$ cat upload_15.cif   # mmCIF, C-alpha atoms
data_upload
#
loop_
_atom_site.label_atom_id
_atom_site.label_comp_id
_atom_site.auth_asym_id
_atom_site.auth_seq_id
_atom_site.Cartn_x
_atom_site.Cartn_y
_atom_site.Cartn_z
CA ALA A 6 10.36 30.64 -32.45
CA ILE A 7 11.97 27.39 -31.35
CA ILE A 8 14.88 26.95 -28.96
CA PHE A 9 17.34 24.07 -28.96
CA SER A 10 19.20 23.79 -25.65
CA ASP A 11 21.92 21.45 -24.39
CA ILE A 12 21.67 20.07 -20.84
CA ARG A 13 25.28 20.77 -19.91
CA MET A 14 26.38 24.40 -20.40
CA PRO A 15 28.99 26.63 -18.72
CA GLY A 16 27.62 28.16 -15.53
CA THR A 17 24.16 26.63 -15.88
CA ASP A 18 22.29 23.61 -17.26
CA GLY A 19 19.46 23.04 -19.69
CA PHE A 20 16.84 22.49 -16.99
CA GLU A 21 17.69 25.74 -15.19
CA PHE A 22 17.63 27.61 -18.51
CA LEU A 23 14.31 26.00 -19.42
CA ASN A 24 12.71 27.01 -16.11
CA THR A 25 13.96 30.58 -16.47
CA LEU A 26 12.74 30.83 -20.05
CA GLN A 27 9.26 29.54 -19.27
CA ASP A 28 8.70 32.21 -16.63
CA ASP A 29 8.86 34.88 -19.34
CA HIS A 30 8.11 32.99 -22.57
CA PRO A 31 5.98 29.95 -21.74
CA ASN A 32 4.79 29.39 -25.33
CA ILE A 33 8.21 28.93 -26.93
CA PRO A 34 8.85 25.22 -27.59
CA VAL A 35 12.20 24.02 -26.21
CA ILE A 36 13.99 20.94 -27.48
CA ILE A 37 16.55 19.56 -25.02
CA MET A 38 19.69 17.93 -26.44
CA THR A 39 21.84 15.48 -24.49
CA ALA A 40 24.67 13.02 -24.95
CA HIS A 41 23.81 11.35 -21.63
CA SER A 42 20.31 9.92 -21.95
CA ASP A 43 18.88 8.07 -18.95
CA ILE A 44 15.54 7.85 -17.16
CA GLU A 45 16.33 10.78 -14.82
CA THR A 46 17.20 13.22 -17.61
CA THR A 47 14.33 11.98 -19.76
CA VAL A 48 11.74 12.43 -17.02
CA ASN A 49 13.25 15.75 -15.88
CA ALA A 50 13.14 17.07 -19.45
CA PHE A 51 9.43 16.37 -19.85
CA GLN A 52 8.57 17.33 -16.25
CA SER A 53 10.30 20.69 -16.81
CA GLY A 54 8.17 21.35 -19.87
CA ALA A 55 10.46 20.42 -22.76
CA PHE A 56 8.66 19.75 -26.01
CA GLU A 57 11.10 16.97 -26.97
CA TYR A 58 14.58 15.71 -26.17
CA MET A 59 17.14 14.41 -28.65
CA SER A 60 20.19 12.23 -28.08
CA LYS A 61 23.43 13.29 -29.76
CA PRO A 62 24.51 12.76 -32.45
CA PHE A 63 21.46 13.25 -34.67
CA ASP A 64 20.60 13.75 -38.34
CA ILE A 65 19.51 17.13 -39.68
CA LYS A 66 16.38 15.36 -40.99
CA ASP A 67 15.43 14.45 -37.43
CA VAL A 68 16.01 18.03 -36.28
CA ILE A 69 13.76 19.40 -39.04
CA GLU A 70 11.04 16.86 -38.26
CA VAL A 71 11.08 17.74 -34.54
CA ALA A 72 11.04 21.47 -35.34
CA LYS A 73 7.99 21.02 -37.58
CA ARG A 74 6.16 19.11 -34.88
CA ALA A 75 7.01 21.80 -32.34
CA LEU A 76 5.48 24.49 -34.53
CA ASP A 77 2.46 22.35 -35.41
CA GLN A 78 1.69 21.82 -31.73
CA SER A 79 2.26 25.41 -30.60
CA GLU A 80 -1.40 25.60 -29.60
CA TYR A 81 -0.81 22.74 -27.19
CA LEU A 82 2.31 24.45 -25.83
CA LYS A 83 0.28 27.57 -24.99
CA GLN A 84 -1.64 25.47 -22.49
CA GLN A 85 1.60 24.57 -20.73
CA THR A 86 2.19 28.05 -19.27
CA GLU A 87 1.18 27.03 -15.75
CA GLU A 88 3.99 26.74 -13.25
CA LYS A 89 5.52 23.26 -13.26
CA GLU A 90 5.17 21.11 -10.19
CA GLU A 91 8.06 20.97 -7.77
CA GLU A 92 10.41 18.06 -8.09
CA GLU A 93 8.69 14.90 -6.86
CA GLU A 94 9.41 13.73 -3.33
CA HIS A 95 9.20 10.11 -4.34
CA GLN A 96 12.17 9.37 -6.54
CA LEU A 97 12.35 6.27 -8.71
CA SER A 98 14.98 3.81 -7.58
CA GLU A 99 16.92 4.25 -10.83
CA GLN A 100 19.73 1.95 -9.75
CA ASN A 101 17.36 -0.98 -9.98
CA PHE A 102 15.95 0.31 -13.26
CA ILE A 103 18.99 1.28 -15.29
CA GLY A 104 20.40 0.84 -18.77
CA GLN A 105 21.77 2.58 -21.82
CA SER A 106 20.37 0.24 -24.48
CA LEU A 107 17.93 1.50 -27.09
CA ALA A 108 15.31 -0.97 -25.82
CA ILE A 109 15.29 0.43 -22.26
CA GLN A 110 15.62 4.03 -23.48
CA LYS A 111 12.27 3.56 -25.23
CA VAL A 112 10.76 2.66 -21.86
CA PHE A 113 12.31 5.72 -20.20
CA HIS A 114 10.96 7.90 -23.01
CA ALA A 115 7.45 6.48 -22.60
CA ILE A 116 7.50 7.11 -18.84
CA GLY A 117 8.54 10.69 -19.49
CA ARG A 118 5.79 11.18 -22.07
CA LEU A 119 3.16 9.88 -19.66
CA SER A 120 4.39 11.79 -16.61
CA HIS A 121 1.61 14.42 -16.77
CA THR A 122 -1.25 11.96 -17.24
CA SER A 123 -3.25 9.33 -15.38
CA ILE A 124 -4.11 7.33 -18.47
CA SER A 125 -4.43 3.52 -18.36
CA VAL A 126 -1.33 1.59 -19.44
CA LEU A 127 -0.79 -2.03 -20.45
CA ILE A 128 2.74 -3.34 -19.88
CA THR A 129 3.70 -6.42 -21.89
CA GLY A 130 6.79 -8.54 -21.67
CA GLU A 131 8.24 -11.81 -20.46
CA SER A 132 8.39 -12.81 -16.82
CA GLY A 133 11.33 -11.35 -14.94
CA THR A 134 11.80 -8.28 -17.14
CA GLY A 135 10.70 -5.73 -14.52
CA LYS A 136 7.11 -4.94 -15.44
CA GLU A 137 6.27 -3.94 -11.86
CA LEU A 138 9.27 -1.59 -11.80
CA ILE A 139 7.85 0.14 -14.88
CA ALA A 140 4.45 0.38 -13.19
CA LYS A 141 6.02 1.92 -10.07
CA ALA A 142 7.96 4.38 -12.25
CA LEU A 143 4.76 5.41 -14.04
CA HIS A 144 3.11 6.03 -10.67
CA THR A 145 6.11 7.81 -9.12
CA HIS A 146 6.37 10.18 -12.08
CA SER A 147 2.66 11.00 -12.31
CA PRO A 148 0.19 13.47 -10.76
CA ARG A 149 -0.82 10.64 -8.38
CA ALA A 150 2.69 10.14 -6.97
CA LYS A 151 1.72 11.09 -3.40
CA GLU A 152 -1.25 8.70 -3.38
CA PRO A 153 -1.14 4.90 -2.83
CA PHE A 154 0.42 2.44 -5.26
CA ILE A 155 -1.27 -0.94 -4.74
CA ALA A 156 -0.11 -4.06 -6.58
CA ILE A 157 -1.83 -7.42 -6.91
CA ASN A 158 -0.82 -10.50 -8.89
CA THR A 159 -4.12 -11.81 -10.19
CA ALA A 160 -2.55 -15.17 -11.13
CA ALA A 161 -1.30 -15.82 -7.59
CA ILE A 162 -4.71 -15.63 -5.89
CA PRO A 163 -7.28 -18.43 -6.19
CA ALA A 164 -10.20 -17.48 -8.41
CA GLU A 165 -12.74 -17.90 -5.58
CA LEU A 166 -10.86 -15.36 -3.44
CA LEU A 167 -9.91 -12.85 -6.11
CA GLU A 168 -13.22 -10.95 -6.15
CA SER A 169 -13.06 -10.28 -2.41
CA GLU A 170 -9.37 -9.35 -2.74
CA LEU A 171 -10.13 -6.78 -5.42
CA PHE A 172 -13.44 -5.36 -4.23
CA GLY A 173 -13.60 -6.27 -0.56
CA HIS A 174 -16.60 -7.78 1.23
CA GLU A 175 -19.25 -6.93 3.79
CA LYS A 176 -19.55 -8.64 7.15
CA GLY A 177 -21.42 -11.91 6.77
CA ALA A 178 -21.05 -11.98 2.96
CA PHE A 179 -19.85 -15.57 3.15
CA THR A 180 -18.63 -18.13 5.67
CA GLY A 181 -15.67 -16.66 7.50
CA ALA A 182 -16.47 -13.02 6.65
CA HIS A 183 -16.56 -11.90 10.28
CA ALA A 184 -15.91 -8.25 9.49
CA LYS A 185 -16.06 -5.81 6.60
CA ARG A 186 -12.93 -5.91 4.47
CA ILE A 187 -11.61 -3.16 2.19
CA GLY A 188 -10.41 -4.44 -1.18
CA ARG A 189 -7.49 -3.33 -3.34
CA PHE A 190 -9.59 -0.89 -5.35
CA GLU A 191 -10.53 1.10 -2.26
CA GLN A 192 -6.97 0.90 -0.93
CA ALA A 193 -5.77 2.46 -4.21
CA ASN A 194 -8.39 5.22 -4.28
CA ASN A 195 -6.93 8.42 -5.83
CA GLY A 196 -3.77 6.46 -6.61
CA THR A 197 -2.70 3.59 -8.87
CA LEU A 198 -3.76 -0.06 -8.93
CA PHE A 199 -1.29 -2.40 -10.63
CA LEU A 200 -2.93 -5.58 -11.91
CA ASP A 201 -0.14 -8.03 -12.69
CA GLU A 202 -0.75 -11.04 -14.95
CA ILE A 203 -4.11 -9.66 -16.04
CA GLY A 204 -4.30 -12.30 -18.78
CA ASP A 205 -5.05 -14.95 -16.14
CA MET A 206 -8.08 -13.16 -14.70
CA PRO A 207 -11.23 -15.37 -14.70
CA PRO A 208 -13.94 -14.33 -17.21
CA ASP A 209 -16.53 -13.33 -14.60
CA LEU A 210 -14.06 -10.99 -12.90
CA GLN A 211 -13.12 -9.54 -16.27
CA THR A 212 -16.73 -8.41 -16.51
CA CYS A 213 -16.59 -6.87 -13.04
CA LEU A 214 -13.36 -5.07 -13.86
CA LEU A 215 -14.81 -3.72 -17.08
CA ARG A 216 -17.78 -2.32 -15.14
CA VAL A 217 -15.48 -0.53 -12.69
CA LEU A 218 -13.45 0.97 -15.53
CA ALA A 219 -16.64 2.17 -17.23
CA ASP A 220 -18.53 3.45 -14.16
CA GLY A 221 -15.84 4.21 -11.59
CA ALA A 222 -17.86 2.26 -9.03
CA PHE A 223 -18.33 -1.30 -7.75
CA TYR A 224 -20.10 -3.33 -5.07
CA ARG A 225 -18.28 -5.12 -2.29
CA VAL A 226 -19.05 -8.82 -2.12
CA GLY A 227 -22.36 -9.04 -0.25
CA GLY A 228 -22.86 -5.29 -0.52
CA HIS A 229 -25.79 -3.33 -1.92
CA THR A 230 -24.35 0.20 -1.99
CA PRO A 231 -22.02 1.23 -4.83
CA VAL A 232 -18.53 2.33 -3.82
CA LYS A 233 -17.10 5.17 -5.89
CA VAL A 234 -13.37 5.18 -6.61
CA ASP A 235 -10.91 7.20 -8.66
CA VAL A 236 -8.14 4.78 -9.59
CA ARG A 237 -5.56 4.69 -12.35
CA ILE A 238 -5.20 1.18 -13.74
CA ILE A 239 -1.86 -0.18 -14.89
CA ALA A 240 -2.05 -3.79 -16.06
CA ALA A 241 0.70 -6.20 -17.05
CA THR A 242 0.94 -9.57 -18.73
CA HIS A 243 3.49 -11.95 -20.19
CA GLN A 244 0.83 -13.40 -22.48
CA ASN A 245 -0.34 -12.38 -25.93
CA LEU A 246 -3.68 -10.79 -25.01
CA GLN A 247 -4.69 -10.37 -28.65
CA GLN A 248 -4.37 -14.12 -29.10
CA ARG A 249 -6.33 -14.73 -25.90
CA VAL A 250 -9.05 -12.42 -27.22
CA HIS A 251 -9.06 -14.44 -30.45
CA ASP A 252 -9.32 -17.66 -28.39
CA ARG A 253 -12.25 -16.15 -26.42
CA LEU A 254 -10.27 -16.33 -23.17
CA PHE A 255 -10.13 -12.57 -22.65
CA ARG A 256 -12.82 -9.97 -23.28
CA GLU A 257 -12.12 -7.81 -26.31
CA ASP A 258 -13.81 -4.74 -24.80
CA LEU A 259 -11.69 -5.06 -21.64
CA TYR A 260 -8.56 -5.45 -23.74
CA HIS A 261 -9.26 -2.16 -25.52
CA ARG A 262 -10.04 -0.44 -22.19
CA LEU A 263 -6.69 -1.51 -20.76
CA ASN A 264 -4.57 -1.14 -23.88
CA VAL A 265 -4.90 2.65 -24.19
CA ILE A 266 -1.10 2.90 -24.06
CA ASN A 267 1.18 -0.11 -24.43
CA ILE A 268 4.72 -0.25 -23.03
CA HIS A 269 6.88 -3.24 -23.92
CA SER A 270 9.24 -4.39 -21.16
CA PRO A 271 12.25 -5.73 -23.10
CA ALA A 272 13.74 -9.13 -22.41
CA LEU A 273 17.33 -9.13 -21.18
CA ARG A 274 18.47 -10.73 -24.44
CA GLU A 275 17.14 -7.60 -26.19
CA ARG A 276 19.42 -5.39 -24.07
CA LEU A 277 22.59 -7.43 -23.59
CA GLU A 278 24.69 -4.25 -23.52
CA ASP A 279 23.04 -3.41 -20.18
CA ILE A 280 24.38 -6.55 -18.47
CA PRO A 281 27.58 -4.88 -17.13
CA LEU A 282 25.58 -2.07 -15.46
CA LEU A 283 22.92 -4.39 -14.07
CA LEU A 284 25.43 -6.97 -12.86
CA ALA A 285 27.50 -4.35 -11.05
CA TYR A 286 24.38 -3.10 -9.28
CA PHE A 287 23.20 -6.59 -8.29
CA LEU A 288 26.68 -7.56 -7.04
CA GLU A 289 26.73 -4.46 -4.85
CA LYS A 290 23.21 -5.14 -3.61
CA SER A 291 24.05 -8.77 -2.80
CA ALA A 292 27.21 -7.74 -0.94
CA GLN A 293 25.22 -5.32 1.21
CA GLU A 294 22.63 -7.97 2.02
CA LEU A 295 25.28 -10.56 2.92
CA HIS A 296 27.66 -8.11 4.65
CA VAL A 297 30.62 -9.01 2.47
CA GLU A 298 32.98 -7.09 0.21
CA VAL A 299 31.62 -6.16 -3.22
CA LYS A 300 32.93 -8.37 -6.01
CA THR A 301 33.84 -7.22 -9.51
CA CYS A 302 33.44 -9.17 -12.73
CA SER A 303 36.18 -9.65 -15.32
CA GLU A 304 35.63 -8.57 -18.91
CA GLU A 305 35.86 -12.19 -20.09
CA ALA A 306 33.18 -13.26 -17.62
CA ILE A 307 30.88 -10.44 -18.73
CA GLN A 308 31.36 -11.35 -22.39
CA GLN A 309 30.45 -14.95 -21.58
CA LEU A 310 27.31 -13.85 -19.76
CA GLN A 311 26.33 -11.72 -22.78
CA LYS A 312 26.28 -14.88 -24.93
CA TYR A 313 23.61 -16.45 -22.75
CA ALA A 314 19.91 -16.43 -23.66
CA TRP A 315 18.63 -15.34 -20.19
CA ASN A 316 15.19 -16.91 -20.36
CA GLY A 317 14.64 -15.74 -16.76
CA ASN A 318 15.62 -12.19 -17.73
CA VAL A 319 16.74 -9.58 -15.18
CA ARG A 320 15.40 -11.63 -12.27
CA GLN A 321 17.67 -14.50 -13.33
CA LEU A 322 20.64 -12.12 -13.58
CA GLU A 323 19.96 -10.90 -10.04
CA ASN A 324 19.86 -14.47 -8.74
CA THR A 325 23.10 -15.19 -10.61
CA ALA A 326 24.79 -12.19 -8.96
CA ARG A 327 23.70 -13.42 -5.54
CA TRP A 328 25.01 -16.94 -6.29
CA LEU A 329 28.36 -15.55 -7.46
CA THR A 330 28.65 -13.37 -4.35
CA VAL A 331 28.23 -16.44 -2.15
CA MET A 332 30.17 -19.03 -4.11
CA VAL A 333 33.19 -17.17 -5.54
CA ALA A 334 36.06 -16.95 -3.03
CA SER A 335 38.10 -14.18 -4.68
CA ASN A 336 37.06 -10.55 -5.09
CA GLU A 337 37.09 -10.79 -8.89
CA ILE A 338 34.70 -13.10 -10.72
CA THR A 339 36.38 -14.78 -13.68
CA LYS A 340 35.02 -16.76 -16.58
CA GLU A 341 36.04 -19.97 -14.82
CA ASP A 342 33.81 -19.10 -11.86
CA LEU A 343 30.64 -19.19 -13.96
CA ALA A 344 28.30 -22.16 -13.76
CA ASP A 345 28.23 -24.68 -16.62
CA GLU A 346 24.86 -23.39 -17.82
CA PHE A 347 26.51 -20.21 -19.13
CA PHE A 348 28.63 -22.02 -21.71
CA PRO A 349 27.35 -22.74 -25.26
CA SER A 350 27.95 -26.48 -25.08
CA ASN A 351 25.50 -26.77 -22.19
CA THR A 352 22.86 -24.18 -22.86
CA GLN A 353 20.81 -22.26 -25.35
CA THR A 354 22.62 -19.31 -26.89
CA MET A 355 21.43 -16.37 -28.89
CA PRO A 356 19.96 -17.52 -32.22
CA ILE A 357 22.12 -15.34 -34.46
CA THR A 358 25.59 -13.97 -33.74
CA MET A 359 28.43 -12.46 -35.71
CA ASP A 360 30.02 -15.91 -36.01
CA ASP A 361 27.06 -17.59 -37.68
CA ASP A 362 27.82 -18.87 -41.15
CA LYS A 363 24.86 -21.26 -41.28
CA ASN A 364 21.47 -20.70 -42.81
CA TRP A 365 20.73 -17.41 -41.05
CA GLU A 366 17.34 -17.02 -42.70
CA GLN A 367 16.15 -20.31 -41.20
CA ALA A 368 17.66 -19.39 -37.83
CA LEU A 369 15.83 -16.06 -37.89
CA THR A 370 12.59 -17.77 -38.89
CA ASN A 371 12.91 -20.23 -36.00
CA TYR A 372 13.68 -17.42 -33.57
CA ALA A 373 10.69 -15.31 -34.69
CA THR A 374 8.38 -18.31 -34.49
CA ASP A 375 9.51 -19.16 -30.95
CA CYS A 376 9.07 -15.56 -29.78
CA LEU A 377 5.58 -15.24 -31.25
CA GLN A 378 4.49 -18.57 -29.79
CA ASN A 379 5.72 -17.39 -26.38
CA GLY A 380 3.53 -14.29 -26.61
CA THR A 381 6.19 -11.72 -27.55
CA THR A 382 4.74 -8.51 -28.97
CA ARG A 383 6.39 -5.69 -30.96
CA LEU A 384 8.84 -8.27 -32.26
CA LEU A 385 10.00 -6.24 -35.26
CA ASP A 386 10.57 -3.04 -33.28
CA ASP A 387 12.53 -4.84 -30.59
CA THR A 388 14.69 -7.14 -32.73
CA THR A 389 15.55 -4.80 -35.63
CA PRO A 390 18.08 -2.80 -33.55
CA ARG A 391 19.91 -6.01 -32.61
CA TYR A 392 20.41 -7.00 -36.23
CA GLU A 393 21.32 -3.46 -37.21
CA ALA A 394 24.06 -3.71 -34.58
CA ILE A 395 25.32 -6.92 -36.16
CA MET A 396 25.54 -5.30 -39.60
CA ILE A 397 27.30 -2.20 -38.23
CA LYS A 398 29.82 -4.25 -36.26
CA ALA A 399 30.55 -6.34 -39.36
CA ALA A 400 31.11 -3.22 -41.46
CA LEU A 401 33.41 -1.68 -38.82
CA LYS A 402 35.37 -4.90 -38.63
CA GLN A 403 35.71 -4.98 -42.42
CA THR A 404 37.01 -1.38 -42.49
CA ASP A 405 39.25 -1.67 -39.39
CA GLY A 406 37.01 0.75 -37.51
CA LYS A 407 36.92 3.48 -40.18
CA LYS A 408 33.43 4.93 -39.74
CA LYS A 409 33.32 6.80 -43.05
CA GLU A 410 34.12 3.65 -45.05
CA ALA A 411 31.78 1.55 -42.90
CA ALA A 412 28.96 4.02 -43.56
CA GLU A 413 29.57 3.73 -47.30
CA LEU A 414 29.46 -0.08 -47.12
CA LEU A 415 26.16 0.09 -45.26
CA GLY A 416 24.68 2.75 -47.53
CA LEU A 417 24.35 5.23 -44.67
CA GLY A 418 25.43 8.80 -44.12
CA ARG A 419 28.20 9.37 -41.59
CA ASN A 420 25.88 11.19 -39.20
CA THR A 421 23.30 8.44 -39.46
CA LEU A 422 25.93 5.81 -38.66
CA ALA A 423 27.20 7.86 -35.71
CA ARG A 424 23.67 8.24 -34.37
CA LYS A 425 22.92 4.53 -34.72
CA MET A 426 26.19 3.61 -33.01
CA LYS A 427 25.24 5.90 -30.13
CA GLU A 428 21.72 4.45 -29.89
CA LEU A 429 23.00 0.87 -30.04
CA SER A 430 25.91 1.50 -27.64
CA ILE A 431 28.51 0.38 -30.19
#
$ encode --input "upload_15.cif" --output "structure tokens"
Amino acid sequence: AIIFSDIRMPGTDGFEFLNTLQDDHPNIPVIIMTAHSDIETTVNAFQSGAFEYMSKPFDIKDVIEVAKRALDQSEYLKQQTEEKEEEEEHQLSEQNFIGQSLAIQKVFHAIGRLSHTSISVLITGESGTGKELIAKALHTHSPRAKEPFIAINTAAIPAELLESELFGHEKGAFTGAHAKRIGRFEQANNGTLFLDEIGDMPPDLQTCLLRVLADGAFYRVGGHTPVKVDVRIIAATHQNLQQRVHDRLFREDLYHRLNVINIHSPALRERLEDIPLLLAYFLEKSAQELHVEVKTCSEEAIQQLQKYAWNGNVRQLENTARWLTVMVASNEITKEDLADEFFPSNTQTMPITMDDDKNWEQALTNYATDCLQNGTTRLLDDTTPRYEAIMIKAALKQTDGKKKEAAELLGLGRNTLARKMKELSI
């Protein structure tokens, strides 16, 4: 048997129903359905024991495929009869990690999938996209949530100090070592160690890190007794580690140790539809910090910001919100209040838009080349939805918003078009 359950139901909700069902029938796979997908519902669905969750609307083909997988993995579901853990005390700060775009929903889904494990994860993505937020979310929604989360930026610490920072040192190990020092690995024991910018780690320390991952033990600098630790490693980089392996700048065996699971942190230009939500949050946050009234942003100003390339990603958007809070006198931010850099004549814009009538193939080629040279990974997965959105918007414009006719123009079924519009926030 398989049960499909909505989250919102009269007199109860899907999570309450799921918990009640599992007390008596723990081996029945339950697929949660929702029209309101976010990180909280995604994580709650998997934490509560759901086999899968599906966003409405969906195709019957997708339903059949999920049902088949549920039956195929019934043996796995039998092992999930133990009582689920109580709701975690440490809640993710979702307001700083929000979005409805398909790109960020993939991240939420991955966090939910990994919520019962302590497996190593490699987070890739450009600077400023929120890789540490993803790492904290993985820790918060994991069996190690009550243990320490320790973060270290390996690129920010001089190479000669990094070994002591990671592994600690014994008294007298070197000049200035007046006392024993506990390193980040020991601080993170039983918890999670987040190694940011792992691609910049010196080769000799890569070897030390590989040994710790293999043996679960290390020596403090100047020490002779192995120190045992149980640490989950989450690493992050903005670089293309595969290319660095090819260039002999990063150990291939360490790369495979770290890259058990890969999560891509999307650039802001890959999730432009999230700008209104993120901007509203950052404006509120800035107002609280500066003790002023919260400003709102006009639709025209938001549309202008969505045309911008955002090379600094979410971090740049946060800085922009703070600047607008300080510099704009009125309570509403208008298009005229934006700095010159946000206008096409003065800045880089998105490579392909609905208005392009130039050689789009060459533009796409240039864009792909730039991304790959900058170390972007999963390029096809992350850009395809953006160009699907362009095609769908063009078809809807051609048919004056008639979805049935637009679906025919695109060669899609009506349900498929509806699902894609939901996923792409059209």
$ residues_around --input "upload_15.cif" --residues "range 233-247 of chain A" --least-positions-apart "5" --cutoff "8 Å" --atoms "all atoms listed in the file" --output "JSON, numbers by chain"
{"A": [123, 124, 125, 126, 127, 128, 129, 130, 131, 132, 136, 137, 140, 190, 191, 193, 194, 195, 196, 197, 198, 199, 200, 201, 202, 203, 204, 221, 222, 223, 255, 260, 263, 379, 380, 381, 382]}
$ write_last_selection --input "upload_15.cif" --atoms "C-alpha atoms" --output "mmCIF file, keeping the file's coordinate frame"
data_model
loop_
_atom_site.group_PDB
_atom_site.id
_atom_site.type_symbol
_atom_site.label_atom_id
_atom_site.label_comp_id
_atom_site.auth_asym_id
_atom_site.auth_seq_id
_atom_site.Cartn_x
_atom_site.Cartn_y
_atom_site.Cartn_z
ATOM 1 C CA SER A 123 -3.250 9.330 -15.380
ATOM 2 C CA ILE A 124 -4.110 7.330 -18.470
ATOM 3 C CA SER A 125 -4.430 3.520 -18.360
ATOM 4 C CA VAL A 126 -1.330 1.590 -19.440
ATOM 5 C CA LEU A 127 -0.790 -2.030 -20.450
ATOM 6 C CA ILE A 128 2.740 -3.340 -19.880
ATOM 7 C CA THR A 129 3.700 -6.420 -21.890
ATOM 8 C CA GLY A 130 6.790 -8.540 -21.670
ATOM 9 C CA GLU A 131 8.240 -11.810 -20.460
ATOM 10 C CA SER A 132 8.390 -12.810 -16.820
ATOM 11 C CA LYS A 136 7.110 -4.940 -15.440
ATOM 12 C CA GLU A 137 6.270 -3.940 -11.860
ATOM 13 C CA ALA A 140 4.450 0.380 -13.190
ATOM 14 C CA PHE A 190 -9.590 -0.890 -5.350
ATOM 15 C CA GLU A 191 -10.530 1.100 -2.260
ATOM 16 C CA ALA A 193 -5.770 2.460 -4.210
ATOM 17 C CA ASN A 194 -8.390 5.220 -4.280
ATOM 18 C CA ASN A 195 -6.930 8.420 -5.830
ATOM 19 C CA GLY A 196 -3.770 6.460 -6.610
ATOM 20 C CA THR A 197 -2.700 3.590 -8.870
ATOM 21 C CA LEU A 198 -3.760 -0.060 -8.930
ATOM 22 C CA PHE A 199 -1.290 -2.400 -10.630
ATOM 23 C CA LEU A 200 -2.930 -5.580 -11.910
ATOM 24 C CA ASP A 201 -0.140 -8.030 -12.690
ATOM 25 C CA GLU A 202 -0.750 -11.040 -14.950
ATOM 26 C CA ILE A 203 -4.110 -9.660 -16.040
ATOM 27 C CA GLY A 204 -4.300 -12.300 -18.780
ATOM 28 C CA GLY A 221 -15.840 4.210 -11.590
ATOM 29 C CA ALA A 222 -17.860 2.260 -9.030
ATOM 30 C CA PHE A 223 -18.330 -1.300 -7.750
ATOM 31 C CA PHE A 255 -10.130 -12.570 -22.650
ATOM 32 C CA TYR A 260 -8.560 -5.450 -23.740
ATOM 33 C CA LEU A 263 -6.690 -1.510 -20.760
ATOM 34 C CA ASN A 379 5.720 -17.390 -26.380
ATOM 35 C CA GLY A 380 3.530 -14.290 -26.610
ATOM 36 C CA THR A 381 6.190 -11.720 -27.550
ATOM 37 C CA THR A 382 4.740 -8.510 -28.970
#
$ resolve_selection --input "upload_15.cif" --expression "the PyMOL selection byres ((chain A and resi 150) around 10)" --output "list of chain:residue names"
A:Glu93, A:Glu94, A:His95, A:Gln96, A:Ser120, A:Lys141, A:Ala142, A:Leu143, A:His144, A:Thr145, A:His146, A:Ser147, A:Pro148, A:Arg149, A:Lys151, A:Glu152, A:Pro153, A:Phe154, A:Asn195, A:Gly196, A:Thr197
$ resolve_selection --input "upload_15.cif" --expression "the PyMOL selection byres ((chain A and resi 308) around 10)" --output "MDAnalysis selection string"
chainID A and resid 277:278 280:281 303:307 309:313 340
$ closest_residue --input "upload_15.cif" --among "A:Pro390, A:Gly133, A:Gly104, A:Gly19" --to "Asn324 in chain A" --atoms "only C-alpha atoms"
A:Gly133
$ residues_near_point --input "upload_15.cif" --point "(7.9, 19.0, -18.8)" --cutoff "10 Å" --atoms "all atoms listed in the file" --output "list in words"
Phe20, Leu23, Asn24, Val35, Thr47, Val48, Asn49, Ala50, Phe51, Gln52, Ser53, Gly54, Ala55, Phe56, Glu57, Gln85, Lys89, Glu90, Gly117, Arg118, Ser120 and His121 of chain A
$ axis_aligned_box --input "upload_15.cif" --around "range 311-330 of chain A" --padding-each-side "4 Å" --output "JSON"
{"center_x": 21.6, "center_y": -13.3, "center_z": -14.6, "size_x": 22.0, "size_y": 15.4, "size_z": 28.6}
$ closest_residue --input "upload_15.cif" --among "A:Arg262, A:Arg253, A:Lys407, A:Arg327" --to "Phe287 in chain A" --atoms "only C-alpha atoms"
A:Arg327
